[in-house]
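Colleague: This is query-v1.txt, which holds compact mmCIF, C-alpha atoms and all ligand atoms:
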# COMPACT_ATOMS: atom_id res chain seq x y z
CA MET K 1 -87.47 30.53 33.75
CA ASN K 2 -84.78 28.02 34.62
CA LYS K 3 -82.87 28.94 31.50
CA MET K 4 -83.09 32.59 32.50
CA ARG K 5 -81.74 31.84 35.98
CA VAL K 6 -78.82 29.83 34.56
CA GLY K 7 -78.12 32.64 32.11
CA LEU K 8 -78.20 35.20 34.91
CA ALA K 9 -75.92 33.10 37.11
CA LEU K 10 -73.48 32.70 34.21
CA THR K 11 -73.47 36.44 33.52
CA THR K 12 -72.91 37.18 37.23
CA ALA K 13 -70.03 34.68 37.34
CA LEU K 14 -68.47 36.16 34.20
CA LEU K 15 -68.83 39.67 35.60
CA ALA K 16 -67.27 38.57 38.92
CA ASN K 17 -64.36 37.03 36.99
CA ALA K 18 -63.88 40.17 34.96
CA THR K 19 -63.87 42.21 38.19
CA LEU K 20 -61.34 39.82 39.72
CA ALA K 21 -59.06 40.14 36.69
CA GLN K 22 -58.88 43.90 37.10
CA PRO K 23 -55.89 45.05 39.14
CA VAL K 24 -56.55 46.74 42.47
CA ALA K 25 -55.68 50.44 42.33
CA GLY K 26 -53.05 51.73 44.73
CA ASP K 27 -51.82 55.12 45.87
CA LEU K 28 -49.62 57.07 43.45
CA ASN K 29 -50.20 60.39 45.16
CA VAL K 30 -46.75 61.22 46.47
CA ARG K 31 -44.48 64.22 46.54
CA TRP K 32 -40.86 63.15 46.32
CA ASN K 33 -38.28 65.15 48.27
CA PRO K 34 -36.75 67.54 45.72
CA GLY K 35 -33.09 67.52 46.82
CA ALA K 36 -31.38 70.93 46.86
CA GLU K 37 -28.81 73.17 45.18
CA ASP K 38 -26.94 73.24 48.48
CA CYS K 39 -27.36 69.73 49.86
CA ALA K 40 -25.34 70.43 53.01
CA ALA K 41 -27.63 73.31 53.99
CA ASN K 42 -30.82 71.35 53.20
CA PRO K 43 -30.47 67.88 54.65
CA GLN K 44 -33.13 65.37 53.54
CA PRO K 45 -33.46 61.62 54.11
CA PRO K 46 -31.36 59.72 51.52
CA LEU K 47 -34.19 57.26 50.84
CA GLN K 48 -37.92 57.96 50.68
CA VAL K 49 -40.44 55.11 50.90
CA HIS K 50 -43.95 55.37 49.48
CA ARG K 51 -46.53 52.69 50.22
CA TYR K 52 -48.49 52.03 47.02
CA ASP K 53 -50.49 49.27 48.71
CA ALA K 54 -49.89 46.79 51.54
CA THR K 55 -47.51 44.68 49.44
CA THR K 56 -46.10 47.23 46.96
CA PHE K 57 -43.59 49.94 47.82
CA ILE K 58 -41.90 52.62 45.73
CA LEU K 59 -38.53 53.84 46.97
CA ARG K 60 -36.77 56.91 45.70
CA GLN K 61 -33.15 57.88 46.34
CA ASN K 62 -32.84 61.59 47.04
CA PRO K 63 -31.14 63.73 44.32
CA CYS K 64 -28.68 64.84 47.02
CA ALA K 65 -27.75 61.20 47.75
CA HIS K 66 -27.06 60.71 44.03
CA PHE K 67 -27.98 63.02 41.15
CA GLU K 68 -29.55 60.10 39.25
CA ALA K 69 -32.24 59.89 41.98
CA PRO K 70 -33.36 56.43 40.86
CA LEU K 71 -36.66 54.77 41.76
CA LEU K 72 -36.79 51.24 43.12
CA TYR K 73 -39.82 48.98 43.40
CA LEU K 74 -40.51 46.34 46.06
CA LEU K 75 -43.23 43.78 45.27
CA ILE K 76 -44.11 41.33 48.02
CA GLY K 77 -45.67 37.93 47.34
CA ASP K 78 -46.61 35.07 49.68
CA GLN K 79 -43.34 33.19 49.20
CA ARG K 80 -40.83 35.76 47.97
CA ALA K 81 -40.34 39.45 47.44
CA LEU K 82 -38.95 41.10 44.33
CA LEU K 83 -36.92 44.29 44.31
CA ILE K 84 -36.67 45.88 40.87
CA ASP K 85 -33.35 47.79 40.81
CA SER K 86 -31.06 48.49 43.74
CA GLY K 87 -30.19 52.11 43.08
CA ALA K 88 -27.10 54.22 42.66
CA VAL K 89 -25.38 54.05 46.05
CA GLU K 90 -23.31 51.17 47.35
CA ASP K 91 -22.33 52.59 50.74
CA GLU K 92 -24.83 51.56 53.42
CA ALA K 93 -23.71 54.28 55.81
CA SER K 94 -24.95 56.98 53.42
CA MET K 95 -27.80 54.95 51.87
CA PRO K 96 -29.65 52.63 54.28
CA LEU K 97 -31.20 50.53 51.50
CA ALA K 98 -30.67 47.00 52.89
CA LYS K 99 -31.94 48.04 56.32
CA THR K 100 -35.03 49.73 54.84
CA ILE K 101 -35.86 46.71 52.66
CA ALA K 102 -35.31 44.32 55.61
CA ASP K 103 -37.77 46.39 57.67
CA LEU K 104 -40.38 46.27 54.89
CA LEU K 105 -40.17 42.49 54.36
CA PRO K 106 -42.76 40.47 56.28
CA ARG K 107 -41.37 37.96 58.79
CA SER K 108 -42.60 34.53 59.74
CA ASP K 109 -41.02 32.29 62.40
CA GLY K 110 -38.30 34.84 62.95
CA ALA K 111 -37.11 34.75 59.31
CA SER K 112 -37.93 37.37 56.74
CA LEU K 113 -39.28 36.57 53.28
CA PRO K 114 -36.62 35.59 50.71
CA LEU K 115 -35.75 38.49 48.42
CA VAL K 116 -34.91 38.47 44.72
CA VAL K 117 -33.03 41.55 43.54
CA ALA K 118 -33.66 42.07 39.81
CA HIS K 119 -32.46 44.86 37.52
CA THR K 120 -34.10 46.65 34.65
CA HIS K 121 -30.58 46.89 33.15
CA ARG K 122 -26.94 46.92 34.13
CA HIS K 123 -26.17 50.65 34.38
CA THR K 124 -24.67 51.19 37.82
CA ASP K 125 -27.36 53.63 38.98
CA HIS K 126 -29.71 50.61 38.92
CA ARG K 127 -27.51 48.07 40.66
CA ALA K 128 -24.94 49.75 42.94
CA GLY K 129 -26.98 48.70 45.99
CA ASP K 130 -26.54 44.98 45.17
CA ALA K 131 -23.47 44.74 47.43
CA GLN K 132 -25.33 45.76 50.58
CA LEU K 133 -28.48 43.76 49.72
CA ALA K 134 -26.40 40.61 49.14
CA LYS K 135 -25.64 40.59 52.87
CA LEU K 136 -29.33 40.17 53.77
CA PRO K 137 -30.18 36.57 54.72
CA GLY K 138 -32.25 34.93 51.97
CA ALA K 139 -31.34 37.52 49.35
CA GLU K 140 -30.60 36.41 45.80
CA ILE K 141 -29.12 38.86 43.31
CA VAL K 142 -29.97 38.29 39.65
CA PRO K 143 -26.67 38.26 37.68
CA ILE K 144 -25.89 41.15 35.33
CA GLU K 145 -24.23 39.51 32.32
CA LEU K 146 -26.74 39.05 29.47
CA GLU K 147 -26.03 35.32 29.04
CA ASP K 148 -26.56 34.80 32.79
CA ILE K 149 -29.78 36.86 32.79
CA VAL K 150 -31.13 34.71 29.95
CA LYS K 151 -30.28 31.56 31.93
CA TYR K 152 -31.58 32.88 35.26
CA TYR K 153 -35.07 33.74 34.00
CA GLY K 154 -35.20 30.82 31.56
CA PHE K 155 -35.51 32.79 28.31
CA LYS K 156 -35.46 30.40 25.36
CA SER K 157 -35.68 33.23 22.89
CA TRP K 158 -34.41 36.51 24.36
CA LEU K 159 -36.44 38.74 22.06
CA GLU K 160 -39.62 36.68 21.87
CA ASP K 161 -40.25 35.09 25.26
CA THR K 162 -42.22 36.37 28.22
CA VAL K 163 -40.76 34.96 31.43
CA LYS K 164 -42.51 34.64 34.79
CA ILE K 165 -41.22 35.35 38.27
CA ASP K 166 -43.52 33.57 40.72
CA LEU K 167 -43.57 35.30 44.10
CA GLY K 168 -46.35 33.07 45.48
CA GLY K 169 -49.86 34.34 44.78
CA ARG K 170 -48.29 37.04 42.65
CA VAL K 171 -46.66 36.50 39.28
CA VAL K 172 -44.50 39.20 37.72
CA GLU K 173 -43.69 38.88 34.03
CA ALA K 174 -40.72 40.25 32.13
CA ILE K 175 -39.89 40.85 28.47
CA ALA K 176 -36.66 42.03 26.89
CA VAL K 177 -36.67 45.65 25.65
CA PRO K 178 -33.11 46.39 24.40
CA GLY K 179 -32.28 49.76 22.84
CA HIS K 180 -31.16 51.88 25.81
CA MET K 181 -29.05 48.92 26.90
CA ARG K 182 -28.87 45.50 25.32
CA ASP K 183 -29.93 43.71 28.53
CA HIS K 184 -32.94 45.93 29.35
CA LEU K 185 -36.09 44.28 30.76
CA LEU K 186 -39.64 45.55 31.22
CA PHE K 187 -41.57 44.05 34.15
CA TYR K 188 -45.36 43.75 34.48
CA ASP K 189 -47.17 42.97 37.72
CA ALA K 190 -50.68 41.63 37.03
CA LYS K 191 -51.72 42.17 40.67
CA THR K 192 -51.35 45.95 40.51
CA GLY K 193 -51.38 46.41 36.72
CA LEU K 194 -48.11 48.33 37.06
CA ALA K 195 -45.47 48.14 34.34
CA PHE K 196 -41.88 48.90 35.39
CA SER K 197 -39.96 50.34 32.48
CA GLY K 198 -36.57 51.43 33.92
CA ASP K 199 -34.74 53.73 31.49
CA PHE K 200 -36.57 52.33 28.46
CA LEU K 201 -39.47 54.71 29.14
CA LEU K 202 -39.46 57.39 31.84
CA PRO K 203 -40.54 61.01 32.24
CA GLY K 204 -37.15 62.32 31.17
CA ARG K 205 -34.34 61.52 28.74
CA LEU K 206 -34.64 58.29 26.78
CA LEU K 207 -30.99 57.70 25.90
CA VAL K 208 -30.74 55.71 22.69
CA ASP K 209 -27.85 53.31 22.30
CA ASP K 210 -29.28 51.21 19.45
CA ILE K 211 -32.20 52.84 17.59
CA ASP K 212 -33.22 49.74 15.62
CA ALA K 213 -33.38 47.66 18.80
CA TYR K 214 -35.25 50.48 20.58
CA ARG K 215 -37.89 50.69 17.84
CA ALA K 216 -38.40 46.93 17.78
CA SER K 217 -38.64 46.88 21.60
CA ALA K 218 -41.23 49.67 21.65
CA ASP K 219 -43.37 47.75 19.14
CA ARG K 220 -43.07 44.58 21.20
CA ALA K 221 -43.78 46.31 24.52
CA VAL K 222 -46.95 47.88 23.09
CA ALA K 223 -48.09 44.54 21.66
CA TYR K 224 -47.29 42.75 24.93
CA LEU K 225 -49.34 45.17 27.06
CA ARG K 226 -52.15 45.72 24.53
CA SER K 227 -54.60 43.27 26.08
CA LYS K 228 -53.45 43.85 29.68
CA PRO K 229 -54.86 46.36 32.15
CA VAL K 230 -52.10 48.91 32.86
CA THR K 231 -52.70 51.26 35.79
CA ALA K 232 -49.39 53.11 35.25
CA VAL K 233 -45.99 52.80 33.63
CA LEU K 234 -43.29 53.54 36.20
CA GLY K 235 -39.76 54.34 35.05
CA GLY K 236 -36.36 54.52 36.70
CA HIS K 237 -36.03 58.31 37.08
CA ILE K 238 -38.02 61.56 36.94
CA GLU K 239 -36.09 64.20 34.97
CA LEU K 240 -38.82 66.66 33.95
CA ASP K 241 -40.58 69.43 35.84
CA THR K 242 -44.31 70.13 35.71
CA ASN K 243 -43.76 72.31 32.57
CA GLY K 244 -42.07 69.42 30.76
CA GLU K 245 -38.60 71.03 31.03
CA ALA K 246 -35.68 68.73 31.85
CA PHE K 247 -33.55 69.29 34.94
CA SER K 248 -29.96 69.91 33.94
CA ARG K 249 -27.85 66.76 33.82
CA GLY K 250 -26.17 66.11 37.17
CA SER K 251 -28.44 68.47 39.08
CA THR K 252 -29.09 67.58 42.73
CA HIS K 253 -32.21 69.76 42.79
CA HIS K 254 -35.58 68.79 41.26
CA PRO K 255 -37.94 71.70 41.97
CA ASN K 256 -41.55 71.30 40.73
CA GLU K 257 -40.88 67.76 39.65
CA ARG K 258 -43.62 66.19 37.54
CA ALA K 259 -45.40 63.02 38.59
CA LEU K 260 -43.64 59.69 38.18
CA ALA K 261 -46.46 57.79 36.48
CA LEU K 262 -46.78 57.60 32.72
CA ALA K 263 -49.95 56.22 31.14
CA LYS K 264 -50.37 53.28 28.80
CA GLN K 265 -51.07 55.84 26.03
CA ASN K 266 -47.58 57.32 26.59
CA LEU K 267 -46.06 53.91 25.94
CA GLU K 268 -48.32 53.52 22.91
CA SER K 269 -46.99 56.83 21.54
CA LEU K 270 -43.38 55.62 21.78
CA PRO K 271 -43.15 53.60 18.52
CA ALA K 272 -44.22 56.61 16.39
CA ALA K 273 -41.89 58.94 18.32
CA LEU K 274 -38.96 56.58 17.76
CA GLN K 275 -39.86 56.23 14.07
CA GLU K 276 -39.64 59.98 13.51
CA PHE K 277 -36.55 60.41 15.74
CA ASN K 278 -34.01 62.56 13.88
CA GLY K 279 -31.08 60.63 15.34
CA PHE K 280 -30.01 63.41 17.71
CA TYR K 281 -32.73 65.01 19.86
CA SER K 282 -36.54 65.08 19.85
CA LYS K 283 -38.68 66.58 22.60
CA TYR K 284 -42.18 65.43 23.50
CA PRO K 285 -44.46 66.51 26.37
CA ASN K 286 -43.66 63.45 28.48
CA PHE K 287 -40.16 62.45 27.39
CA ILE K 288 -37.12 63.47 25.37
CA ILE K 289 -35.44 61.07 22.95
CA MET K 290 -31.73 61.62 22.42
CA ASN K 291 -28.62 59.84 21.28
CA PRO K 292 -25.84 61.01 23.64
CA MET K 293 -23.08 59.41 21.54
CA ARG K 294 -24.17 61.14 18.33
CA ASN K 295 -24.61 64.46 20.12
CA LEU K 296 -21.09 64.09 21.49
CA LEU K 297 -19.73 63.35 17.99
CA VAL K 298 -21.54 66.40 16.56
CA LEU K 299 -20.13 68.53 19.38
CA ALA K 300 -16.62 67.18 18.74
CA ALA K 301 -17.00 67.82 14.98
CA GLY K 302 -18.21 71.37 15.75
CA VAL K 303 -15.20 72.02 17.98
CA ILE K 304 -12.79 70.68 15.32
CA ILE K 305 -14.38 72.87 12.59
CA ALA K 306 -14.28 75.94 14.86
CA LEU K 307 -10.61 75.29 15.74
CA THR K 308 -9.67 74.75 12.07
CA LEU K 309 -11.37 78.02 11.13
CA LEU K 310 -9.63 79.85 13.96
CA ILE K 311 -6.20 78.53 12.91
CA TRP K 312 -6.89 79.48 9.27
CA LEU K 313 -7.94 83.01 10.32
CA VAL K 314 -4.88 83.49 12.57
CA ARG K 315 -2.53 82.33 9.79
CA ARG K 316 -4.22 84.66 7.28
CA LEU K 317 -3.93 87.61 9.64
CA TRP K 318 -0.30 86.72 10.37
CA LYS K 319 0.53 86.57 6.62
CA SER K 320 -1.16 89.87 5.78
CA ARG K 321 0.63 91.52 8.71
CA GLY K 322 3.97 90.17 7.44
CA LYS K 323 3.24 91.54 3.92
CA ARG K 324 2.41 94.98 5.36
CA VAL K 325 5.67 95.08 7.32
CA LEU K 326 7.67 94.19 4.17
CA THR K 327 5.91 96.79 1.99
CA PRO K 328 7.97 100.11 2.06
CA ALA K 329 5.93 103.14 3.10
ZN ZN L 401 -29.63 53.39 32.04
ZN ZN L 402 -30.78 55.09 34.90
Could you express the structure from this file as structure tokens?
Modeller:
Amino acid sequence: MNKMRVGLALTTALLANATLAQPVAGDLNVRWNPGAEDCAANPQPPLQVHRYDATTFILRQNPCAHFEAPLLYLLIGDQRALLIDSGAVEDEASMPLAKTIADLLPRSDGASLPLVVAHTHRHTDHRAGDAQLAKLPGAEIVPIELEDIVKYYGFKSWLEDTVKIDLGGRVVEAIAVPGHMRDHLLFYDAKTGLAFSGDFLLPGRLLVDDIDAYRASADRAVAYLRSKPVTAVLGGHIELDTNGEAFSRGSTHHPNERALALAKQNLESLPAALQEFNGFYSKYPNFIIMNPMRNLLVLAAGVIIALTLLIWLVRRLWKSRGKRVLTPA
């Protein structure tokens, strides 16, 4: 009997632990403002804030404020807050990012929580807001040079380590996922089970800079998250509509935009998709893989061939015309 009771208590404790380890689900049901073809005629707020839970916020810059329409993530701990990416707009008059973040940060004794501003990678649409955030008291901006990033987070081995960012009662981890950019990071928040994947994986164009690095990163990201509960994978942009068609590059209008969240299975499908990538362009239901540099080179080669052909044709026509003029009737 006693044995049974102990066994029952143990099972209950184990079950309680397992329940505790599961992340608490938040709210991903949001409709982002779509921007417009004519932004002047359809004014919308430059920055939209969505409350995922009491200490997690998703911010989206309107396509009219910047066509990249990046997504930013604010995670609040007991001691510090972490902002993942600072967006595409530096000017605080047109993009009230610092003010919005300051309003979201909890205050105690008149001072707001210290803020760490991290970046998924150094492309300017993910860090242009640094300048205005740096003016906030208690804000610390993570540097953008790779060597400084390695030092800041304490990576001993850039491609093998998992580093921890302790926010107080909330630990966010990061691993390196180069391929889109050599300094790219993927963040994982155990509290919510959210993975933040920047431009490495998003519902849109995955722009390949280094395919070998990208493939290795996809393998490592899958292995890293395999045993972890992942509620959603959240990227840096949404570039597809609900039919899986991409908005044209540079468009300030995102009608019928698809949902932001990708599933763990989408990440797990990435290694195979990258393996079969033809080097130029491959389309999948949830993302498109492309190499912009190669496509540009192919386009340039096409233009050169077309021009060469045209010149050859014109010269041929010119010669035959000359012969006809010389031939007596
Ligand atoms: Zn990028
Ligand atoms: Zn981007």
Colleague: Here is a test: counting all atoms listed in the file, which residue of K:Leu310, K:Phe67, K:Gly279, K:Ile144 is nearest to Val298 in chain K?
Modeller: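 For Val298 in chain K, the nearest of the given residues is K:Gly279.
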Colleague: Could you list, as a short mmCIF file (atom, residue, chain, number, x, y, z; two decimals) with C-alpha atoms, in the frame of the given file, every residue within 9 Å of Pro271 in chain K, counting all atoms listed in the file and ignoring same-chain residues fewer than 5 positions away?
Modeller:
data_model
loop_
_atom_site.label_atom_id
_atom_site.label_comp_id
_atom_site.auth_asym_id
_atom_site.auth_seq_id
_atom_site.Cartn_x
_atom_site.Cartn_y
_atom_site.Cartn_z
CA TYR K 214 -35.25 50.48 20.58
CA ARG K 215 -37.89 50.69 17.84
CA ALA K 216 -38.40 46.93 17.78
CA SER K 217 -38.64 46.88 21.60
CA ALA K 218 -41.23 49.67 21.65
CA ASP K 219 -43.37 47.75 19.14
CA VAL K 222 -46.95 47.88 23.09
CA GLU K 276 -39.64 59.98 13.51
#
Colleague: Find, counting all atoms listed in the file, the residue in K:Leu201, K:Leu296, K:Ala263, K:Ile211 that gets nearest to ligand ZN 401 (chain L).
Modeller: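 Among K:Leu201, K:Leu296, K:Ala263, K:Ile211, it is K:Leu201 that comes nearest to ligand ZN 401 (chain L).
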Colleague: With distances taken over all atoms listed in the file, which residue among K:Thr192, K:Thr231, K:Thr124, K:Thr242 lies nearest ligand ZN 401 (chain L)?
Modeller: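 Between K:Thr192, K:Thr231, K:Thr124, K:Thr242, the residue approaching ligand ZN 401 (chain L) most closely is K:Thr124.
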Colleague: Give me the residues of chain K that have any atom at most 7 Å from an atom of ligand ZN 401 (chain L); for each, the nearest atom pair and the distance in Å, rounded to one decimal. Use only C-alpha atoms and all ligand atoms, sort by chain and number, and format it as CSV.
Modeller:
residue,atom,partner,partner_atom,distance
K:His121,CA,L:ZN401,ZN,6.7
K:His123,CA,L:ZN401,ZN,5.0
K:His180,CA,L:ZN401,ZN,6.6
K:Met181,CA,L:ZN401,ZN,6.8
K:Asp199,CA,L:ZN401,ZN,5.2
Colleague: Which one is closest to ligand ZN 402 (chain L): K:Lys156, K:Lys135, K:His237, K:Arg249? Count only C-alpha atoms and all ligand atoms.
Modeller: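 Smallest separation from ligand ZN 402 (chain L) among the options: K:His237.
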Colleague: What residues of the protein or nucleic acid chains come within 10 Å of ligand ZN 402 (chain L) when you use all atoms listed in the file? Reply as number ranges by chain.
Modeller: K: 68-71, 85, 87-88, 120-127, 180, 198-200, 202, 205-207, 235-238
Colleague: Work out how far apart CA of Val171 in chain K and CA of Gly26 in chain K are and give it in Å to one decimal.
Modeller: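 We find that CA of Val171 in chain K and CA of Gly26 in chain K lie 17.4 Å from each other.
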Colleague: Quick one: pull the distance between CA of Ala273 in chain K and CA of Ser157 in chain K, Å, one decimal.
Modeller: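 Computing it gives 26.8 Å between the two atoms.
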Colleague: Please indicate the distance in Å from CA of Ala131 in chain K to CA of Asp91 in chain K, rounded to one decimal place.
Modeller: 8.6 Å
Colleague: Using all atoms listed in the file, find the one residue out of K:Leu113, K:Val89, K:Arg80, K:Lys228 that sits nearest to Asp130 in chain K.
Modeller: K:Val89
Colleague: Set the distance at 9 Å and use all atoms listed in the file: which residues neighbour range 52-66 of chain K once local chain neighbours fewer than 4 positions away are removed? I'd like the list as a PyMOL selection string.
Modeller: chain K and resi 25-29+32-40+43-48+70-77+87-89+94-95+104+125+192+237+250-254
Colleague: Could the residues in this selection be saved with C-alpha atoms as a PDB file, keeping the file's coordinate frame?
Modeller:
ATOM      1  CA  ALA K  25     -55.680  50.440  42.330  1.00  0.00           C
ATOM      2  CA  GLY K  26     -53.050  51.730  44.730  1.00  0.00           C
ATOM      3  CA  ASP K  27     -51.820  55.120  45.870  1.00  0.00           C
ATOM      4  CA  LEU K  28     -49.620  57.070  43.450  1.00  0.00           C
ATOM      5  CA  ASN K  29     -50.200  60.390  45.160  1.00  0.00           C
ATOM      6  CA  TRP K  32     -40.860  63.150  46.320  1.00  0.00           C
ATOM      7  CA  ASN K  33     -38.280  65.150  48.270  1.00  0.00           C
ATOM      8  CA  PRO K  34     -36.750  67.540  45.720  1.00  0.00           C
ATOM      9  CA  GLY K  35     -33.090  67.520  46.820  1.00  0.00           C
ATOM     10  CA  ALA K  36     -31.380  70.930  46.860  1.00  0.00           C
ATOM     11  CA  GLU K  37     -28.810  73.170  45.180  1.00  0.00           C
ATOM     12  CA  ASP K  38     -26.940  73.240  48.480  1.00  0.00           C
ATOM     13  CA  CYS K  39     -27.360  69.730  49.860  1.00  0.00           C
ATOM     14  CA  ALA K  40     -25.340  70.430  53.010  1.00  0.00           C
ATOM     15  CA  PRO K  43     -30.470  67.880  54.650  1.00  0.00           C
ATOM     16  CA  GLN K  44     -33.130  65.370  53.540  1.00  0.00           C
ATOM     17  CA  PRO K  45     -33.460  61.620  54.110  1.00  0.00           C
ATOM     18  CA  PRO K  46     -31.360  59.720  51.520  1.00  0.00           C
ATOM     19  CA  LEU K  47     -34.190  57.260  50.840  1.00  0.00           C
ATOM     20  CA  GLN K  48     -37.920  57.960  50.680  1.00  0.00           C
ATOM     21  CA  PRO K  70     -33.360  56.430  40.860  1.00  0.00           C
ATOM     22  CA  LEU K  71     -36.660  54.770  41.760  1.00  0.00           C
ATOM     23  CA  LEU K  72     -36.790  51.240  43.120  1.00  0.00           C
ATOM     24  CA  TYR K  73     -39.820  48.980  43.400  1.00  0.00           C
ATOM     25  CA  LEU K  74     -40.510  46.340  46.060  1.00  0.00           C
ATOM     26  CA  LEU K  75     -43.230  43.780  45.270  1.00  0.00           C
ATOM     27  CA  ILE K  76     -44.110  41.330  48.020  1.00  0.00           C
ATOM     28  CA  GLY K  77     -45.670  37.930  47.340  1.00  0.00           C
ATOM     29  CA  GLY K  87     -30.190  52.110  43.080  1.00  0.00           C
ATOM     30  CA  ALA K  88     -27.100  54.220  42.660  1.00  0.00           C
ATOM     31  CA  VAL K  89     -25.380  54.050  46.050  1.00  0.00           C
ATOM     32  CA  SER K  94     -24.950  56.980  53.420  1.00  0.00           C
ATOM     33  CA  MET K  95     -27.800  54.950  51.870  1.00  0.00           C
ATOM     34  CA  LEU K 104     -40.380  46.270  54.890  1.00  0.00           C
ATOM     35  CA  ASP K 125     -27.360  53.630  38.980  1.00  0.00           C
ATOM     36  CA  THR K 192     -51.350  45.950  40.510  1.00  0.00           C
ATOM     37  CA  HIS K 237     -36.030  58.310  37.080  1.00  0.00           C
ATOM     38  CA  GLY K 250     -26.170  66.110  37.170  1.00  0.00           C
ATOM     39  CA  SER K 251     -28.440  68.470  39.080  1.00  0.00           C
ATOM     40  CA  THR K 252     -29.090  67.580  42.730  1.00  0.00           C
ATOM     41  CA  HIS K 253     -32.210  69.760  42.790  1.00  0.00           C
ATOM     42  CA  HIS K 254     -35.580  68.790  41.260  1.00  0.00           C
TER      43      HIS K 254
END
